[in-house]
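Engineer: This is my_file-v1.pdb (PDB, C-alpha atoms).
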```
MODEL        1
ATOM      1  CA  MET A  16       0.610  34.773 102.088
ATOM      2  CA  THR A  17      -1.768  32.704 104.252
ATOM      3  CA  ASP A  18      -1.919  35.478 106.832
ATOM      4  CA  ASP A  19      -2.603  37.930 104.034
ATOM      5  CA  LEU A  20      -5.510  35.827 102.753
ATOM      6  CA  LYS A  21      -6.854  35.414 106.289
ATOM      7  CA  ARG A  22      -6.818  39.187 106.740
ATOM      8  CA  ILE A  23      -8.583  39.699 103.394
ATOM      9  CA  PHE A  24     -11.338  37.209 104.248
ATOM     10  CA  LEU A  25     -11.718  38.692 107.723
ATOM     11  CA  GLU A  26     -12.097  42.166 106.235
ATOM     12  CA  ALA A  27     -14.595  40.773 103.703
ATOM     13  CA  CYS A  28     -16.638  39.347 106.597
ATOM     14  CA  VAL A  29     -16.543  42.703 108.374
ATOM     15  CA  LEU A  30     -17.692  44.393 105.149
ATOM     16  CA  ILE A  31     -20.646  41.989 104.844
ATOM     17  CA  ALA A  32     -21.545  42.394 108.517
ATOM     18  CA  PHE A  33     -21.379  46.191 108.307
ATOM     19  CA  GLY A  34     -23.492  46.315 105.127
ATOM     20  CA  ALA A  35     -26.047  43.867 106.523
ATOM     21  CA  LEU A  36     -26.263  45.744 109.821
ATOM     22  CA  PHE A  37     -26.833  49.025 108.000
ATOM     23  CA  GLY A  38     -29.494  47.404 105.813
ATOM     24  CA  LEU A  39     -31.242  45.940 108.842
ATOM     25  CA  THR A  40     -31.166  49.299 110.589
ATOM     26  CA  VAL A  41     -32.851  50.973 107.639
ATOM     27  CA  ASN A  42     -35.307  48.144 106.841
ATOM     28  CA  HIS A  43     -35.925  46.681 110.303
ATOM     29  CA  GLN A  44     -39.690  47.290 110.117
ATOM     30  CA  LEU A  45     -40.021  45.468 106.801
ATOM     31  CA  VAL A  46     -38.058  42.480 108.106
ATOM     32  CA  LEU A  47     -39.998  42.398 111.388
ATOM     33  CA  ASP A  48     -43.290  42.526 109.461
ATOM     34  CA  ALA A  49     -42.197  39.694 107.199
ATOM     35  CA  PHE A  50     -41.088  37.448 110.072
ATOM     36  CA  ALA A  51     -44.185  38.284 112.122
ATOM     37  CA  GLY A  52     -46.449  37.399 109.191
ATOM     38  CA  ARG A  53     -47.907  40.906 108.987
ATOM     39  CA  LEU A  54     -48.318  40.715 105.249
ATOM     40  CA  VAL A  55     -49.903  44.133 104.805
ATOM     41  CA  PRO A  56     -47.770  46.391 106.994
ATOM     42  CA  GLN A  57     -49.645  49.382 108.342
ATOM     43  CA  ARG A  58     -47.828  52.654 108.695
ATOM     44  CA  PRO A  59     -49.003  54.044 112.031
ATOM     45  CA  GLU A  60     -46.850  57.137 111.721
ATOM     46  CA  VAL A  61     -48.899  58.303 108.733
ATOM     47  CA  ASN A  62     -52.344  59.650 109.583
ATOM     48  CA  ALA A  63     -55.313  59.874 107.222
ATOM     49  CA  ASP A  64     -54.881  63.618 106.579
ATOM     50  CA  GLN A  65     -51.291  63.089 105.463
ATOM     51  CA  VAL A  66     -52.431  60.308 103.153
ATOM     52  CA  LEU A  67     -54.972  62.610 101.497
ATOM     53  CA  GLN A  68     -52.596  65.546 101.253
ATOM     54  CA  GLN A  69     -49.431  63.730 100.177
ATOM     55  CA  ASP A  70     -50.838  60.670  98.424
ATOM     56  CA  ILE A  71     -49.005  58.334 100.836
ATOM     57  CA  PRO A  72     -50.461  54.810 100.853
ATOM     58  CA  LEU A  73     -51.561  53.442 104.232
ATOM     59  CA  ALA A  74     -50.322  49.974 103.341
ATOM     60  CA  LEU A  75     -48.671  48.011 100.576
ATOM     61  CA  PRO A  76     -49.846  44.783  98.985
ATOM     62  CA  MET A  77     -47.243  42.201  99.869
ATOM     63  CA  PRO A  78     -45.807  39.740  97.355
ATOM     64  CA  VAL A  79     -46.582  36.045  97.733
ATOM     65  CA  LEU A  80     -45.042  32.942  96.215
ATOM     66  CA  LEU A  81     -46.700  30.366  94.006
ATOM     67  CA  ASP A  82     -47.251  27.793  96.762
ATOM     68  CA  GLU A  83     -48.625  30.500  99.059
ATOM     69  CA  VAL A  84     -51.166  31.481  96.401
ATOM     70  CA  GLN A  85     -52.317  27.863  96.223
ATOM     71  CA  GLN A  86     -52.655  27.746 100.017
ATOM     72  CA  LEU A  87     -54.528  31.052 100.122
ATOM     73  CA  VAL A  88     -56.975  29.817  97.458
ATOM     74  CA  THR A  89     -57.501  26.598  99.435
ATOM     75  CA  ASP A  90     -58.185  28.714 102.526
ATOM     76  CA  GLY A  91     -60.852  30.761 100.730
ATOM     77  CA  GLY A  92     -58.820  33.591  99.219
ATOM     78  CA  LEU A  93     -59.865  35.167  95.951
ATOM     79  CA  VAL A  94     -57.519  35.424  92.974
ATOM     80  CA  VAL A  95     -58.049  38.554  90.887
ATOM     81  CA  ASP A  96     -56.766  38.989  87.323
ATOM     82  CA  ALA A  97     -55.636  42.559  86.557
ATOM     83  CA  ARG A  98     -55.041  41.958  82.830
ATOM     84  CA  THR A  99     -57.287  42.931  79.940
ATOM     85  CA  PRO A 100     -60.527  40.961  79.335
ATOM     86  CA  GLU A 101     -58.994  39.548  76.122
ATOM     87  CA  LEU A 102     -56.003  38.086  77.964
ATOM     88  CA  PHE A 103     -58.301  36.816  80.711
ATOM     89  CA  ALA A 104     -60.466  35.068  78.121
ATOM     90  CA  ALA A 105     -57.406  33.542  76.452
ATOM     91  CA  GLY A 106     -56.286  31.943  79.724
ATOM     92  CA  HIS A 107     -56.369  32.670  83.427
ATOM     93  CA  ILE A 108     -55.831  31.045  86.801
ATOM     94  CA  GLU A 109     -58.748  28.717  87.495
ATOM     95  CA  GLY A 110     -61.225  30.373  89.846
ATOM     96  CA  ALA A 111     -59.868  33.871  89.230
ATOM     97  CA  VAL A 112     -62.170  36.818  88.637
ATOM     98  CA  SER A 113     -61.390  39.497  86.089
ATOM     99  CA  LEU A 114     -60.831  43.048  87.303
ATOM    100  CA  PRO A 115     -58.867  44.800  84.523
ATOM    101  CA  LEU A 116     -56.890  47.740  85.831
ATOM    102  CA  ALA A 117     -57.554  49.596  82.564
ATOM    103  CA  ASP A 118     -61.339  49.596  83.280
ATOM    104  CA  ILE A 119     -61.078  49.771  87.051
ATOM    105  CA  ASP A 120     -63.504  52.679  87.539
ATOM    106  CA  GLU A 121     -66.269  50.853  85.654
ATOM    107  CA  SER A 122     -65.744  47.380  87.120
ATOM    108  CA  LEU A 123     -64.803  48.189  90.715
ATOM    109  CA  PRO A 124     -68.317  49.002  92.068
ATOM    110  CA  GLY A 125     -69.587  45.588  90.950
ATOM    111  CA  PHE A 126     -66.539  43.896  92.458
ATOM    112  CA  ILE A 127     -67.008  45.707  95.780
ATOM    113  CA  ALA A 128     -70.679  44.737  95.827
ATOM    114  CA  ARG A 129     -69.811  41.040  95.371
ATOM    115  CA  ILE A 130     -66.589  40.605  97.341
ATOM    116  CA  ASP A 131     -66.353  41.051 101.100
ATOM    117  CA  LYS A 132     -63.614  43.473 102.169
ATOM    118  CA  ASP A 133     -62.314  41.069 104.815
ATOM    119  CA  ARG A 134     -61.623  38.384 102.241
ATOM    120  CA  VAL A 135     -57.996  37.702 101.296
ATOM    121  CA  VAL A 136     -57.417  38.972  97.762
ATOM    122  CA  VAL A 137     -54.453  37.963  95.586
ATOM    123  CA  THR A 138     -53.875  40.037  92.458
ATOM    124  CA  TYR A 139     -51.825  38.971  89.458
ATOM    125  CA  CYS A 140     -51.080  39.997  85.885
ATOM    126  CA  SER A 141     -48.551  38.942  83.231
ATOM    127  CA  GLY A 142     -45.634  38.180  85.520
ATOM    128  CA  PHE A 143     -42.565  40.122  86.533
ATOM    129  CA  GLY A 144     -42.209  43.480  84.830
ATOM    130  CA  CYS A 145     -46.000  43.853  84.799
ATOM    131  CA  PRO A 146     -46.994  46.537  87.344
ATOM    132  CA  ASP A 147     -50.793  46.146  86.996
ATOM    133  CA  SER A 148     -51.158  43.577  89.789
ATOM    134  CA  PHE A 149     -49.363  45.862  92.250
ATOM    135  CA  ASP A 150     -51.336  48.935  91.118
ATOM    136  CA  LEU A 151     -54.600  47.005  91.398
ATOM    137  CA  GLY A 152     -53.555  45.812  94.853
ATOM    138  CA  MET A 153     -52.916  49.416  95.903
ATOM    139  CA  ARG A 154     -56.331  50.439  94.599
ATOM    140  CA  LEU A 155     -58.085  47.639  96.466
ATOM    141  CA  ILE A 156     -56.324  48.636  99.698
ATOM    142  CA  GLU A 157     -57.458  52.224  99.134
ATOM    143  CA  GLU A 158     -61.002  50.896  98.709
ATOM    144  CA  GLY A 159     -60.796  49.230 102.125
ATOM    145  CA  TYR A 160     -59.715  45.655 101.397
ATOM    146  CA  SER A 161     -57.805  44.606 104.481
ATOM    147  CA  ASP A 162     -55.607  41.763 103.197
ATOM    148  CA  VAL A 163     -54.336  42.258  99.662
ATOM    149  CA  ARG A 164     -51.370  40.376  98.267
ATOM    150  CA  VAL A 165     -49.621  40.335  94.922
ATOM    151  CA  PHE A 166     -48.568  37.227  93.029
ATOM    152  CA  GLU A 167     -45.836  38.780  90.914
ATOM    153  CA  GLY A 168     -44.997  35.584  89.050
ATOM    154  CA  GLY A 169     -48.492  35.991  87.646
ATOM    155  CA  TYR A 170     -50.163  33.921  84.959
ATOM    156  CA  PRO A 171     -46.883  32.777  83.276
ATOM    157  CA  GLU A 172     -45.493  31.252  86.494
ATOM    158  CA  TRP A 173     -48.830  29.611  87.358
ATOM    159  CA  ARG A 174     -49.225  28.183  83.831
ATOM    160  CA  ASP A 175     -45.589  27.025  83.620
ATOM    161  CA  ALA A 176     -45.992  25.204  86.944
ATOM    162  CA  GLY A 177     -48.702  23.091  85.300
ATOM    163  CA  LEU A 178     -51.434  24.326  87.648
ATOM    164  CA  ALA A 179     -55.104  24.549  86.722
ATOM    165  CA  ILE A 180     -55.990  27.229  84.199
ATOM    166  CA  ALA A 181     -59.264  28.138  82.518
ATOM    167  CA  GLU A 182     -59.879  29.674  79.126
ATOM    168  CA  GLU A 183     -63.470  30.743  79.273
ATOM    169  CA  ASN A 184     -64.821  34.007  80.670
ATOM    170  CA  GLN A 185     -66.105  33.789  84.200
TER     171      GLN A 185
ATOM    172  CA  MET B  26       3.591  46.709  86.647
ATOM    173  CA  ASN B  27       3.676  48.580  83.391
ATOM    174  CA  ARG B  28       1.505  51.552  82.509
ATOM    175  CA  ILE B  29      -0.997  49.520  80.476
ATOM    176  CA  GLN B  30      -1.555  47.110  83.368
ATOM    177  CA  TRP B  31      -1.961  50.066  85.753
ATOM    178  CA  LEU B  32      -4.511  51.682  83.442
ATOM    179  CA  PHE B  33      -6.309  48.374  82.901
ATOM    180  CA  TYR B  34      -6.511  47.751  86.662
ATOM    181  CA  HIS B  35      -8.125  51.113  87.374
ATOM    182  CA  LEU B  36     -10.479  50.723  84.429
ATOM    183  CA  LEU B  37     -11.661  47.318  85.662
ATOM    184  CA  ARG B  38     -11.894  48.501  89.278
ATOM    185  CA  LEU B  39     -13.996  51.514  88.336
ATOM    186  CA  SER B  40     -16.210  49.435  86.028
ATOM    187  CA  LEU B  41     -16.955  46.915  88.781
ATOM    188  CA  ALA B  42     -17.443  49.737  91.282
ATOM    189  CA  LEU B  43     -20.019  51.499  89.116
ATOM    190  CA  VAL B  44     -21.891  48.253  88.381
ATOM    191  CA  PHE B  45     -22.234  47.373  92.068
ATOM    192  CA  VAL B  46     -22.910  50.898  93.324
ATOM    193  CA  TYR B  47     -25.693  51.173  90.740
ATOM    194  CA  ALA B  48     -27.043  47.659  91.408
ATOM    195  CA  GLY B  49     -27.107  48.317  95.149
ATOM    196  CA  ALA B  50     -28.578  51.818  94.873
ATOM    197  CA  VAL B  51     -31.576  50.852  92.718
ATOM    198  CA  LYS B  52     -32.427  47.935  95.007
ATOM    199  CA  ILE B  53     -32.085  50.078  98.137
ATOM    200  CA  GLN B  54     -34.753  52.393  96.746
ATOM    201  CA  ASP B  55     -37.373  49.625  96.544
ATOM    202  CA  ALA B  56     -36.708  46.801  98.988
ATOM    203  CA  VAL B  57     -40.234  45.356  98.670
ATOM    204  CA  ALA B  58     -39.957  45.048  94.886
ATOM    205  CA  PHE B  59     -36.533  43.455  95.251
ATOM    206  CA  ALA B  60     -37.978  41.013  97.818
ATOM    207  CA  SER B  61     -40.537  39.896  95.247
ATOM    208  CA  HIS B  62     -37.744  39.224  92.757
ATOM    209  CA  VAL B  63     -35.827  37.217  95.346
ATOM    210  CA  ALA B  64     -39.054  35.326  96.101
ATOM    211  CA  ALA B  65     -39.444  34.485  92.410
ATOM    212  CA  TYR B  66     -36.303  32.332  92.602
ATOM    213  CA  GLN B  67     -38.242  30.083  95.010
ATOM    214  CA  VAL B  68     -35.173  29.078  96.984
ATOM    215  CA  LEU B  69     -35.805  30.778 100.327
ATOM    216  CA  PRO B  70     -38.614  30.654 102.897
ATOM    217  CA  TYR B  71     -41.033  33.582 102.652
ATOM    218  CA  ALA B  72     -39.609  35.883 105.352
ATOM    219  CA  MET B  73     -36.003  35.207 104.354
ATOM    220  CA  ASN B  74     -36.666  36.886 100.993
ATOM    221  CA  TYR B  75     -37.253  40.116 102.896
ATOM    222  CA  LEU B  76     -34.161  39.652 105.034
ATOM    223  CA  VAL B  77     -32.055  39.235 101.880
ATOM    224  CA  ALA B  78     -33.762  42.204 100.213
ATOM    225  CA  ALA B  79     -33.147  44.324 103.308
ATOM    226  CA  THR B  80     -29.442  43.575 103.581
ATOM    227  CA  LEU B  81     -27.872  42.411 100.308
ATOM    228  CA  PRO B  82     -28.208  45.732  98.408
ATOM    229  CA  TYR B  83     -26.299  47.529 101.172
ATOM    230  CA  VAL B  84     -23.477  44.991 101.004
ATOM    231  CA  GLU B  85     -23.359  45.409  97.209
ATOM    232  CA  PHE B  86     -23.369  49.195  97.537
ATOM    233  CA  LEU B  87     -20.669  49.236 100.237
ATOM    234  CA  ALA B  88     -18.389  46.884  98.273
ATOM    235  CA  GLY B  89     -18.874  49.083  95.197
ATOM    236  CA  VAL B  90     -17.983  52.213  97.159
ATOM    237  CA  LEU B  91     -14.774  50.618  98.483
ATOM    238  CA  LEU B  92     -13.770  49.702  94.918
ATOM    239  CA  LEU B  93     -14.601  53.211  93.774
ATOM    240  CA  LEU B  94     -12.396  54.685  96.510
ATOM    241  CA  ASN B  95      -9.637  52.118  95.813
ATOM    242  CA  VAL B  96      -9.752  51.161  99.497
ATOM    243  CA  ARG B  97      -9.854  47.538 100.787
ATOM    244  CA  VAL B  98     -10.024  46.440  97.157
ATOM    245  CA  ARG B  99      -9.334  42.742  97.672
ATOM    246  CA  PRO B 100     -11.886  42.254 100.511
ATOM    247  CA  ALA B 101     -14.416  44.073  98.325
ATOM    248  CA  LEU B 102     -13.539  41.753  95.431
ATOM    249  CA  VAL B 103     -13.996  38.706  97.689
ATOM    250  CA  VAL B 104     -17.459  39.956  98.657
ATOM    251  CA  ILE B 105     -18.436  40.821  95.082
ATOM    252  CA  GLY B 106     -17.036  37.546  93.736
ATOM    253  CA  SER B 107     -18.818  35.501  96.427
ATOM    254  CA  MET B 108     -22.129  37.259  95.792
ATOM    255  CA  THR B 109     -21.755  36.801  92.029
ATOM    256  CA  MET B 110     -21.125  33.071  92.482
ATOM    257  CA  ILE B 111     -24.210  32.778  94.701
ATOM    258  CA  PHE B 112     -26.258  34.653  92.064
ATOM    259  CA  MET B 113     -24.905  32.280  89.404
ATOM    260  CA  ALA B 114     -25.868  29.212  91.456
ATOM    261  CA  ALA B 115     -29.378  30.642  91.935
ATOM    262  CA  LEU B 116     -29.681  31.389  88.211
ATOM    263  CA  VAL B 117     -28.521  27.882  87.259
ATOM    264  CA  SER B 118     -31.150  26.513  89.647
ATOM    265  CA  VAL B 119     -33.786  28.723  87.963
ATOM    266  CA  LEU B 120     -32.756  27.467  84.518
ATOM    267  CA  LEU B 121     -32.772  23.827  85.651
ATOM    268  CA  ARG B 122     -36.279  24.226  87.076
ATOM    269  CA  GLY B 123     -37.482  25.989  83.919
ATOM    270  CA  LEU B 124     -38.752  29.065  85.762
ATOM    271  CA  ASP B 125     -39.540  32.069  83.582
ATOM    272  CA  ILE B 126     -38.500  34.988  85.790
ATOM    273  CA  ASP B 127     -36.788  38.340  85.534
ATOM    274  CA  CYS B 128     -33.462  38.203  87.381
ATOM    275  CA  GLY B 129     -34.139  41.451  89.297
ATOM    276  CA  CYS B 130     -30.427  42.213  89.217
ATOM    277  CA  PHE B 131     -30.578  45.913  88.489
ATOM    278  CA  ASP B 132     -34.118  47.222  88.305
ATOM    279  CA  PRO B 133     -36.423  45.592  90.857
ATOM    280  CA  ALA B 134     -39.198  48.100  90.178
ATOM    281  CA  GLY B 135     -39.586  46.736  86.649
ATOM    282  CA  GLY B 136     -38.859  48.105  83.208
ATOM    283  CA  GLN B 137     -35.776  45.943  82.535
ATOM    284  CA  ASP B 138     -36.720  42.329  82.034
ATOM    285  CA  VAL B 139     -33.560  40.223  81.905
ATOM    286  CA  SER B 140     -33.913  36.457  81.525
ATOM    287  CA  ALA B 141     -32.041  34.052  83.801
ATOM    288  CA  GLY B 142     -29.860  32.931  80.874
ATOM    289  CA  MET B 143     -28.789  36.463  80.010
ATOM    290  CA  ALA B 144     -28.194  37.269  83.678
ATOM    291  CA  LEU B 145     -26.025  34.161  83.998
ATOM    292  CA  LEU B 146     -23.900  35.221  81.022
ATOM    293  CA  ARG B 147     -23.545  38.681  82.548
ATOM    294  CA  ASP B 148     -22.476  37.172  85.861
ATOM    295  CA  VAL B 149     -19.835  35.067  84.100
ATOM    296  CA  GLY B 150     -18.509  38.310  82.605
ATOM    297  CA  LEU B 151     -18.505  39.947  86.046
ATOM    298  CA  MET B 152     -16.571  37.011  87.512
ATOM    299  CA  VAL B 153     -13.941  37.396  84.778
ATOM    300  CA  LEU B 154     -13.651  41.091  85.700
ATOM    301  CA  VAL B 155     -13.346  40.220  89.404
ATOM    302  CA  VAL B 156     -10.560  37.682  88.777
ATOM    303  CA  LEU B 157      -8.677  40.031  86.438
ATOM    304  CA  THR B 158      -8.965  42.913  88.906
ATOM    305  CA  TRP B 159      -7.702  40.683  91.744
ATOM    306  CA  TRP B 160      -4.734  39.574  89.637
ATOM    307  CA  LEU B 161      -3.833  43.112  88.546
ATOM    308  CA  ARG B 162      -4.168  44.352  92.124
ATOM    309  CA  SER B 163      -1.766  41.614  93.255
ATOM    310  CA  VAL B 164       0.708  42.607  90.519
ATOM    311  CA  LEU B 165       0.378  46.257  91.569
ATOM    312  CA  MET B 166       1.026  45.425  95.229
ATOM    313  CA  ALA B 167       3.978  43.166  94.374
ATOM    314  CA  GLY B 168       5.489  46.034  92.362
ATOM    315  CA  SER B 169       5.046  48.423  95.278
ATOM    316  CA  ALA B 170       6.682  45.940  97.680
ATOM    317  CA  GLN B 171       9.670  45.534  95.358
ATOM    318  CA  ARG B 172      10.176  49.274  95.107
ATOM    319  CA  GLU B 173      10.153  49.559  98.897
ATOM    320  CA  THR B 174      12.897  46.881  99.282
TER     321      THR B 174
ENDMDL
END
```
What is this structure when it is put down as C-alpha cells?
Structural biologist:
Amino acid sequence: MTDDLKRIFLEACVLIAFGALFGLTVNHQLVLDAFAGRLVPQRPEVNADQVLQQDIPLALPMPVLLDEVQQLVTDGGLVVDARTPELFAAGHIEGAVSLPLADIDESLPGFIARIDKDRVVVTYCSGFGCPDSFDLGMRLIEEGYSDVRVFEGGYPEWRDAGLAIAEENQ
Amino acid sequence: MNRIQWLFYHLLRLSLALVFVYAGAVKIQDAVAFASHVAAYQVLPYAMNYLVAATLPYVEFLAGVLLLLNVRVRPALVVIGSMTMIFMAALVSVLLRGLDIDCGCFDPAGGQDVSAGMALLRDVGLMVLVVLTWWLRSVLMAGSAQRET
C-alpha cells in the first residue's frame, strides 16, 4: 500500500514536471521578459509591414499590481482612466487623467500633445472583466508610447485598498 | 464493484477531465491575461505570476487529458486535488483580505466574472468529486485484483 502511494505521488510529480516543462517551452519568452523586467516585450520577429498587413501588435501592455502602480506614480508615472467621463467624475484614482476609450479619437490628440511618449503610463478601468484599460493600453502603444502598463484591478481595487481617490473632474 | 459504481466512476472521471481540459485550454490561449488574474491574488512576486501562468495551465490540461484517457488516473487526481487545495487556500486568503477580484479560473480573457466566494464553493465541489473518483477507482482496482486471484 505504501509502495503504491509512493508510486502514485512519484507519477504525480512527473506529471507536474512534464506539464511545467512543456509550458515553459511554449512560454519561455514571456517568463524571461517578466524576470528580466522587460515589461513591454517587443516582438522582433514581427516587422512593421507584417503589423500593418496582419494587425499584429508590436508590443503588449503588461499588467501591474497595486503596489507597483503606487511606486510608478511616485516615480513620475501617469495614471490614465479609460472609463467614461461620468464614472471618472464620480470617483477616480487621485492624480489620474481621463482618457475614455469610447471617445478616444477625439481626446487622444490633446493627450498626445500634453503627455511625453517616454513617460510611463498606467491605464485602468473598472477592474477585472473590464477590457477598456487593456484596449487603451494597446492604442497608446500603437501611438508610440514606449512604456504602457495595465492596472487590471482598476478603480475598485484601488478604492478598496483605501488609497487616495478624487471625485472632481481634472 | 457493481454496475452503478462503475458507471458513477466513469461519469465522475469524465466530468473532472472535461473541467480541467477546458480550464487549462482557455488559460493556455491567453497566458498574459491569466498572469494578470494570478497577480490580482497578490500572493506572489511580480515575475512569479508569469511563471505560474506559463506552466500551471499545461499541468491542468495534461492531468485532464490523463483522466479523459483513463490512464494514470490516481496520479492525475493527486495533481488535480493538490492544485484545487492550493486554489482554495488562495481564495480563502483573498476573502480574508477583502479583495474584490475575479477568480480567473476558467476565462482569463474576461467575460465570466466569478467572485472568490463562488469560486471557493466550486472548488469544494471539485474536491468532493476528486475524493469520490479516487475512492471509486480504488474499489474498481480492488475488484480487478480479486478477479485475477
Engineer: Given the point (-20.6, 53.1, 88.8) in the coordinates of this file, which residues lie within 12 Å, counting all atoms listed in the file, and how would they look as an MDAnalysis selection string?
Structural biologist: chainID B and resid 36:51 85:86 88:94
Engineer: Would you work out the distance separating atom CA of Val135 of chain A from atom CA of Leu93 of chain A, expressed in Å to one decimal?
Structural biologist: 6.2 Å
Engineer: Suppose you want the space between atom CA of Thr89 of chain A and atom CA of Glu101 of chain A; what is it in Å?
Structural biologist: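 Distance between the two atoms: 26.7 Å.
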Engineer: Choose the residue, out of A:Pro78, A:Val29, A:Gly91, A:Ile180, that has the smallest atom-to-atom separation from chain B; count only C-alpha atoms.
Structural biologist: A:Pro78
Engineer: Sorted by chain and rising residue number, which residues of chain B lie within 6 Å of chain A, and what are their closest atom pairs and distances in Å to one decimal, counting only C-alpha atoms, as a tab-separated table?
Structural biologist:
```
residue	atom	partner	partner_atom	distance
B:Ser61	CA	A:Pro78	CA	5.7
B:Ala72	CA	A:Ala49	CA	5.0
B:Tyr75	CA	A:Val46	CA	5.8
B:Leu76	CA	A:Val46	CA	5.7
B:Ala79	CA	A:Gly38	CA	5.4
B:Thr80	CA	A:Gly38	CA	4.4
B:Tyr83	CA	A:Gly34	CA	5.0
B:Val84	CA	A:Gly34	CA	4.3
B:Pro100	CA	A:Ala27	CA	4.4
B:Val104	CA	A:Ala27	CA	5.9
B:Gly135	CA	A:Gly144	CA	4.6
B:Gly136	CA	A:Gly144	CA	5.9
```
Engineer: So how far away is atom CA of Val95 of chain A from atom CA of Ser113 of chain A, in Å?
Structural biologist: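 Atom-to-atom, atom CA of Ser113 of chain A to atom CA of Val95 of chain A, that is 5.9 Å.
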Engineer: Find the residue from A:Ala105, A:Cys140, A:Val163, A:Met153 that sits nearest to Leu87 of chain A; use only C-alpha atoms when measuring.
Structural biologist: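 With only C-alpha atoms as the atom set, the closest residue is A:Val163.
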Engineer: Using all atoms listed in the file, determine which residues lie at most 7 Å from segment 151-153 of chain B, disregarding the query and same-chain residues fewer than 3 positions distant; provide the list as a PDB file with C-alpha atoms, in the coordinates of the input.
Structural biologist:
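Listing of part-v8.pdb after writing:
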```pdb
ATOM      1  CA  GLY B 106     -17.036  37.546  93.736  1.00  0.00           C
ATOM      2  CA  THR B 109     -21.755  36.801  92.029  1.00  0.00           C
ATOM      3  CA  ARG B 147     -23.545  38.681  82.548  1.00  0.00           C
ATOM      4  CA  ASP B 148     -22.476  37.172  85.861  1.00  0.00           C
ATOM      5  CA  VAL B 156     -10.560  37.682  88.777  1.00  0.00           C
ATOM      6  CA  LEU B 157      -8.677  40.031  86.438  1.00  0.00           C
TER       7      LEU B 157
END
```
Engineer: Output as JSON the centre and edge lengths (Å, one decimal) of the box along x, y and z of the file that holds every listed atom of segment 102-110 of chain B after adding 6 Å on each side.
Structural biologist:
```
{"center_x": -17.8, "center_y": 37.4, "center_z": 95.3, "size_x": 20.6, "size_y": 20.7, "size_z": 18.6}
```
Engineer: Expand the PyMOL selection byres ((chain B and resi 115) around 10) into the explicit residue set it covers here, and present it as a list in words.
Structural biologist: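 When the PyMOL selection byres ((chain B and resi 115) around 10) is applied, the selected residues are Val63, Tyr66, Gln67, Val68, Thr109, Met110, Ile111, Phe112, Met113, Ala114, Leu116, Val117, Ser118, Val119, Leu120, Leu121, Cys128, Ala141 and Leu145 of chain B.
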Engineer: Kindly export the residues of the current selection with C-alpha atoms, as an mmCIF file, keeping the file's coordinate frame.
Structural biologist:
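Okay, this is what ended up in again02.cif:
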```
data_model
loop_
_atom_site.group_PDB
_atom_site.id
_atom_site.type_symbol
_atom_site.label_atom_id
_atom_site.label_comp_id
_atom_site.auth_asym_id
_atom_site.auth_seq_id
_atom_site.Cartn_x
_atom_site.Cartn_y
_atom_site.Cartn_z
ATOM 1 C CA VAL B 63 -35.827 37.217 95.346
ATOM 2 C CA TYR B 66 -36.303 32.332 92.602
ATOM 3 C CA GLN B 67 -38.242 30.083 95.010
ATOM 4 C CA VAL B 68 -35.173 29.078 96.984
ATOM 5 C CA THR B 109 -21.755 36.801 92.029
ATOM 6 C CA MET B 110 -21.125 33.071 92.482
ATOM 7 C CA ILE B 111 -24.210 32.778 94.701
ATOM 8 C CA PHE B 112 -26.258 34.653 92.064
ATOM 9 C CA MET B 113 -24.905 32.280 89.404
ATOM 10 C CA ALA B 114 -25.868 29.212 91.456
ATOM 11 C CA LEU B 116 -29.681 31.389 88.211
ATOM 12 C CA VAL B 117 -28.521 27.882 87.259
ATOM 13 C CA SER B 118 -31.150 26.513 89.647
ATOM 14 C CA VAL B 119 -33.786 28.723 87.963
ATOM 15 C CA LEU B 120 -32.756 27.467 84.518
ATOM 16 C CA LEU B 121 -32.772 23.827 85.651
ATOM 17 C CA CYS B 128 -33.462 38.203 87.381
ATOM 18 C CA ALA B 141 -32.041 34.052 83.801
ATOM 19 C CA LEU B 145 -26.025 34.161 83.998
#
```
Engineer: Env of Ile108 of chain A: 10 Å cut, atoms = all atoms listed in the file, seq-sep filter 2 positions within chain, self excluded. Answer as a PyMOL selection string.
Structural biologist: chain A and resi 94-96+103+106+110-112+139+169-171+173-174+178-182
Engineer: So what does the PyMOL selection byres ((chain A and resi 117) around 9) actually pick up in this one, as a list in words?
Structural biologist: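 Applied to this file, the PyMOL selection byres ((chain A and resi 117) around 9) returns Ala97, Arg98, Thr99, Leu114, Pro115, Leu116, Asp118, Ile119, Asp120 and Asp147 of chain A.
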Engineer: Would you mind telling me which residue in B:Leu32, B:Leu81, B:Met73, B:Val57 lies nearest to Arg162 of chain B when using only C-alpha atoms?
Structural biologist: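 Smallest distance to Arg162 of chain B is found for B:Leu32.
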Engineer: Scan for residues within 9 Å of the point (-62.5, 40.6, 99.5) in the coordinates of the file, using only C-alpha atoms, and reply as a list in words.
Structural biologist: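 Checked against the point, the hits come out as Gly92, Leu93, Phe126, Ile127, Arg129, Ile130, Asp131, Lys132, Asp133, Arg134, Val135, Val136, Leu155, Tyr160, Ser161, Asp162 and Val163 of chain A.
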